[in-house]
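Have a look at the structure below, then the notes.
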2 protein chains.
Amino acid sequence: MNNSVSIKDIAKKFKCAPSTISRALNDHPAINIETRKTIQEYALKVGYQKNTLSLSLLNNCSMTLGLILPSITHYHESSILEGMEEILLKSGYLLNICVSNESHTIEKEYIDRLLANRVDGLFISMAQESYDQQLGEHIDRVIQRALPVIFIDRPNHGVASDRVVTDDYQGAFMATQHLVDMGCQRIAHLHGPSGISVSQQRFLGFQDCLEANGRKVEEDLIQYVHFSAESAIQATRNLMNLEHKPDAIFGVNDEVCIAAMFVLREMGISVPQEVAIVGFDDIPLASFGHPPLSSVSRQSRRIGEEAAKLFLSKKDQKLDPITISLEPKLIIRESSLRS
Amino acid sequence: MNNSVSIKDIAKKFKCAPSTISRALNDHPAINIETRKTIQEYALKVGYQKNTLSLSLLNNCSMTLGLILPSITHYHESSILEGMEEILLKSGYLLNICVSNESHTIEKEYIDRLLANRVDGLFISMAQESYDQQLGEHIDRVIQRALPVIFIDRPNHGVASDRVVTDDYQGAFMATQHLVDMGCQRIAHLHGPSGISVSQQRFLGFQDCLEANGRKVEEDLIQYVHFSAESAIQATRNLMNLEHKPDAIFGVNDEVCIAAMFVLREMGISVPQEVAIVGFDDIPLASFGHPPLSSVSRQSRRIGEEAAKLFLSKKDQKLDPITISLEPKLIIRESSLRS
DNA sequence: GTGAAAGCGCTAACAA
DNA sequence: TTGTTAGCGCTTTCAC
């Protein structure tokens, strides 16, 4: 597959031992500085590239990490990846990316491959399927190997583990309180897929906030959606066809809210006057909605950064598992601003 | 870093040679089927996981690929990744993801790491910096090693290479023709960053289409933007403050068009009646714009799929470099539909 | 200042 | 049917 130059090849050229070449290339002080230079120049010339695989084998450390995500096309996930990349770039690690597509089988398969490739650590946002069915042995196997595992967004059912999350509960609470403060009386919720931690936490924050304000959740006002815009079309119609229509919607993410605003426009219902809206994730296009969409930022990029930093700090000293919980930020825009 | 079980460990347990274990685990027919089973069960029990690194060293093949992208948070790039993943999943390859952030230095650094890790192939969408300054030696070094390199979106300056692209020129031509057909007289263009192939091709298609219709590009009607929505705000205002305002805008991507529609709304200009708009990429939110945004789909996901398939077909037999050029598809929605 | 040899985990050719 | 040995590319310990 590759006709690359090895240390042996160079040794032959210089009629010396491979170890000499190795030392020269690694700037070992014992080697004559002249020799060092000559060898280094020659290596550069012939395009010598150290074979890291052999070192991985030798040192039991591959300088490679695994990242398993349920999907990658949403802004949240790709931002996590971007943040992680930035931190890891400086540290010399390479990232293996695996998209599980929410499937437990695929997730397991990827974990096997990553283990076989001896990654030095694993970042994982669990597939919905694994989470739903409490399938965790594949991850336990990783933990048993004393391989650092850092959970992202979705926690592990089992033993305590390192985690980086945004406080979805708090974010949802803030969003709901904001709608209450704006005078909204009947706040609906576009509820994410059940079984997913993110959906549950956001619903709980929503629910608890209503109760803290002396109200309670009305079943009619809860509609289930996926994380896609399409899935919110019918859900929003259902809400607006109720006898007692909602005067506000809190959506599980921005995509569903943008779709909701689309439906409301179609129905001639004004936002925020008749229905105020708050989303979640603060995607870049939220500010350019009609009207601009209020949203809870979960600091997606920082999740990736913190996860990478957590790994780097962990690998030196074994510490107790910690949870880094990032503060969500409510960004208020027109879609929820009632005067 | 990991306390994993090796074939030697198992051999000790069974008081036999490592090669026997190796054969048993690989279902070698020479080994007693009973013995095979016992060994396989034991291996499973103790969580044995083959160390692929040693095989990579032995076979000169790591079953690992590199993917270098200038960014990852846009729908186009993350869809490419997703498409690629799907194909590679079935073939046992693992994907190393590298985000160059359009920087030549970072790109070079990543290429070094990927080479050091002996990836079996490389997918690359070149950084703007490398492209602009025609910096290609880092990539030539890869090609010289006879390592399969597949270019995505942005071509290589130098030698002929495998490529998967969408025909941006044709897409832009189609979009412009559509605007002409809709009766638009003064079609403006939100031009992407100069030096990027994608921007250039789209501009050329735009220009040639106008000329094919007996018109020519007016400098006033060309405004430069980045790929972000923000960058289109001022650009659109500039256009609409012209004495001879445009009655159509063709934007380099959907984000800038959504921002443009936002500005037009603010200025009380109606879309598509006063200004018709067509974007590029067909991001999922395009259909939920106000109004729904016409756009040229570049089949992002399929780019990833085709690139992965191209690699898989190439690795068996060395063939001449080919270019896979995907047909862009014009999706007409309200933003450009004049009756 | 340099060389020889062992070994990381695994497989395959050769022997028995 | 199973064992022995060599070797993938590199570093490191121990000699010299």
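Just remember, in the structure tokens the first chain shown is A, the second B, etc., residues are 1-based per chain, and ligands are 1-based in the order shown.
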
Point to revise | Contact set, chain B to chain C: 8 Å, only C-alpha atoms (C1' of nucleotides), as a list in words | key: Ser6, Ile7, Ser19, Ser22, Asn51, Ser54, Leu55 and Leu58 of chain B

**Study point:** DSSP-assigned alpha helix (DSSP H) members of stretch 10-188 of chain A, reported as number ranges by chain
**Key:** A: 10-14, 18-25, 33-45, 52-59, 75-91, 104-116, 128-132, 137-144, 168-181

Practice item. Compute the set of chain D residues within 12 Å of chain B, using only C-alpha atoms (C1' of nucleotides), and express it as a VMD selection string. Key: chain D and resid 1 to 10

Give me, as JSON lines, each residue of chain A that comes within 7 Å of chain B, together with its shortest interatomic pair and the distance in Å at one decimal, counting only C-alpha atoms, with rows ordered by chain and rising residue number.
{"residue": "A:Met1", "atom": "CA", "partner": "B:Asn60", "partner_atom": "CA", "distance": 6.6}
{"residue": "A:Asn2", "atom": "CA", "partner": "B:Arg145", "partner_atom": "CA", "distance": 5.7}
{"residue": "A:Asn3", "atom": "CA", "partner": "B:Arg145", "partner_atom": "CA", "distance": 5.8}
{"residue": "A:Ser4", "atom": "CA", "partner": "B:Arg145", "partner_atom": "CA", "distance": 6.4}
{"residue": "A:Gln49", "atom": "CA", "partner": "B:Ala116", "partner_atom": "CA", "distance": 5.8}
{"residue": "A:Lys50", "atom": "CA", "partner": "B:Ala116", "partner_atom": "CA", "distance": 5.5}
{"residue": "A:Asn51", "atom": "CA", "partner": "B:Ala116", "partner_atom": "CA", "distance": 5.0}
{"residue": "A:Thr52", "atom": "CA", "partner": "B:Ala116", "partner_atom": "CA", "distance": 5.2}
{"residue": "A:Leu53", "atom": "CA", "partner": "B:Asn117", "partner_atom": "CA", "distance": 6.0}
{"residue": "A:Ser54", "atom": "CA", "partner": "B:Leu57", "partner_atom": "CA", "distance": 6.7}
{"residue": "A:Leu57", "atom": "CA", "partner": "B:Leu53", "partner_atom": "CA", "distance": 6.5}
{"residue": "A:Asn60", "atom": "CA", "partner": "B:Met1", "partner_atom": "CA", "distance": 6.6}
{"residue": "A:Cys61", "atom": "CA", "partner": "B:Met1", "partner_atom": "CA", "distance": 6.6}
{"residue": "A:Ile72", "atom": "CA", "partner": "B:Ser78", "partner_atom": "CA", "distance": 6.0}
{"residue": "A:Thr73", "atom": "CA", "partner": "B:Ser78", "partner_atom": "CA", "distance": 5.1}
{"residue": "A:Tyr75", "atom": "CA", "partner": "B:Thr73", "partner_atom": "CA", "distance": 6.0}
{"residue": "A:Ser78", "atom": "CA", "partner": "B:Thr73", "partner_atom": "CA", "distance": 5.1}
{"residue": "A:Ser79", "atom": "CA", "partner": "B:Thr73", "partner_atom": "CA", "distance": 5.9}
{"residue": "A:Glu82", "atom": "CA", "partner": "B:Ile72", "partner_atom": "CA", "distance": 6.8}
{"residue": "A:Glu85", "atom": "CA", "partner": "B:Val99", "partner_atom": "CA", "distance": 6.9}
{"residue": "A:Leu94", "atom": "CA", "partner": "B:Asn96", "partner_atom": "CA", "distance": 6.7}
{"residue": "A:Leu95", "atom": "CA", "partner": "B:Asn96", "partner_atom": "CA", "distance": 5.5}
{"residue": "A:Asn96", "atom": "CA", "partner": "B:Asn96", "partner_atom": "CA", "distance": 4.5}
{"residue": "A:Ile97", "atom": "CA", "partner": "B:Leu95", "partner_atom": "CA", "distance": 5.9}
{"residue": "A:Val99", "atom": "CA", "partner": "B:Glu85", "partner_atom": "CA", "distance": 6.9}
{"residue": "A:Leu115", "atom": "CA", "partner": "B:Gln49", "partner_atom": "CA", "distance": 6.9}
{"residue": "A:Ala116", "atom": "CA", "partner": "B:Asn51", "partner_atom": "CA", "distance": 5.0}
{"residue": "A:Asn117", "atom": "CA", "partner": "B:Thr52", "partner_atom": "CA", "distance": 5.2}
{"residue": "A:Arg118", "atom": "CA", "partner": "B:Asn51", "partner_atom": "CA", "distance": 6.9}
{"residue": "A:Asp120", "atom": "CA", "partner": "B:Met1", "partner_atom": "CA", "distance": 6.9}
{"residue": "A:Arg145", "atom": "CA", "partner": "B:Asn2", "partner_atom": "CA", "distance": 5.7}
{"residue": "A:Ala146", "atom": "CA", "partner": "B:Asn2", "partner_atom": "CA", "distance": 6.0}
{"residue": "A:Leu147", "atom": "CA", "partner": "B:Asn2", "partner_atom": "CA", "distance": 6.1}
{"residue": "A:Ile258", "atom": "CA", "partner": "B:Phe288", "partner_atom": "CA", "distance": 6.8}
{"residue": "A:Ala259", "atom": "CA", "partner": "B:Phe288", "partner_atom": "CA", "distance": 5.9}
{"residue": "A:Phe262", "atom": "CA", "partner": "B:Phe288", "partner_atom": "CA", "distance": 6.0}
{"residue": "A:Phe288", "atom": "CA", "partner": "B:Ala259", "partner_atom": "CA", "distance": 5.9}
{"residue": "A:His290", "atom": "CA", "partner": "B:His290", "partner_atom": "CA", "distance": 6.7}

Review point. Atom CA of A:Lys108 and atom CA of A:Glu137 are how many Å apart?
Key: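 Value for the atom CA of A:Lys108-atom CA of A:Glu137 distance: 9.3 Å.
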
Point to revise | Residue contacts of A:Phe173 (8 Å, only C-alpha atoms (C1' of nucleotides)) excluding same-chain residues fewer than 2 positions away, as a ChimeraX atom specification | key: /A:169-171,175-177,202,205-206,208-209

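Straight-line separation from atom CA of A:Ile324 to atom CA of A:Phe250: 25.5 Å.
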
Practice item. Would you list the contacts of A:Arg36 as a ChimeraX atom specification, taking every protein, DNA or RNA residue within 8 Å and counting only C-alpha atoms (C1' of nucleotides), but skipping same-chain residues closer than 5 positions in sequence? Key: /A:24-25,27,31

For the selection just defined, write its residues with N, CA, C and O atoms to a file, as a PDB file, in the first residue's frame.
ATOM      1  N   ALA A  24      19.632   9.718  15.853  1.00  0.00           N
ATOM      2  CA  ALA A  24      19.880  10.959  15.113  1.00  0.00           C
ATOM      3  C   ALA A  24      18.576  11.706  14.854  1.00  0.00           C
ATOM      4  O   ALA A  24      18.483  12.914  15.056  1.00  0.00           O
ATOM      5  N   LEU A  25      17.577  10.955  14.417  1.00  0.00           N
ATOM      6  CA  LEU A  25      16.308  11.589  14.068  1.00  0.00           C
ATOM      7  C   LEU A  25      15.610  12.154  15.300  1.00  0.00           C
ATOM      8  O   LEU A  25      14.854  13.113  15.219  1.00  0.00           O
ATOM      9  N   ASP A  27      17.162  13.493  17.768  1.00  0.00           N
ATOM     10  CA  ASP A  27      18.069  14.475  18.351  1.00  0.00           C
ATOM     11  C   ASP A  27      18.713  14.006  19.648  1.00  0.00           C
ATOM     12  O   ASP A  27      18.835  14.770  20.609  1.00  0.00           O
ATOM     13  N   ILE A  31      24.694  11.467  19.771  1.00  0.00           N
ATOM     14  CA  ILE A  31      25.112  11.370  18.369  1.00  0.00           C
ATOM     15  C   ILE A  31      25.830  12.654  17.933  1.00  0.00           C
ATOM     16  O   ILE A  31      25.387  13.763  18.240  1.00  0.00           O
TER      17      ILE A  31
END

Exercise for review: May I have all residues of stretch 199-337 of chain A that DSSP, computed from the backbone, assigns to strand (DSSP E or B), given as a ChimeraX atom specification?
Suggested key: /A:222-224,248-251,276-280,294-297,323-326,329-331

Exercise for review: Tell me, as a count of residues only, which residues lie within 8 Å of A:Asn156, counting only C-alpha atoms (C1' of nucleotides); anything in the same chain fewer than 6 positions away does not count.
Suggested key: 3

Practice item. Measure the distance from atom CA of B:Ala235 to atom CA of A:Ile283 in Å and round it to one decimal. Key: 21.7 Å
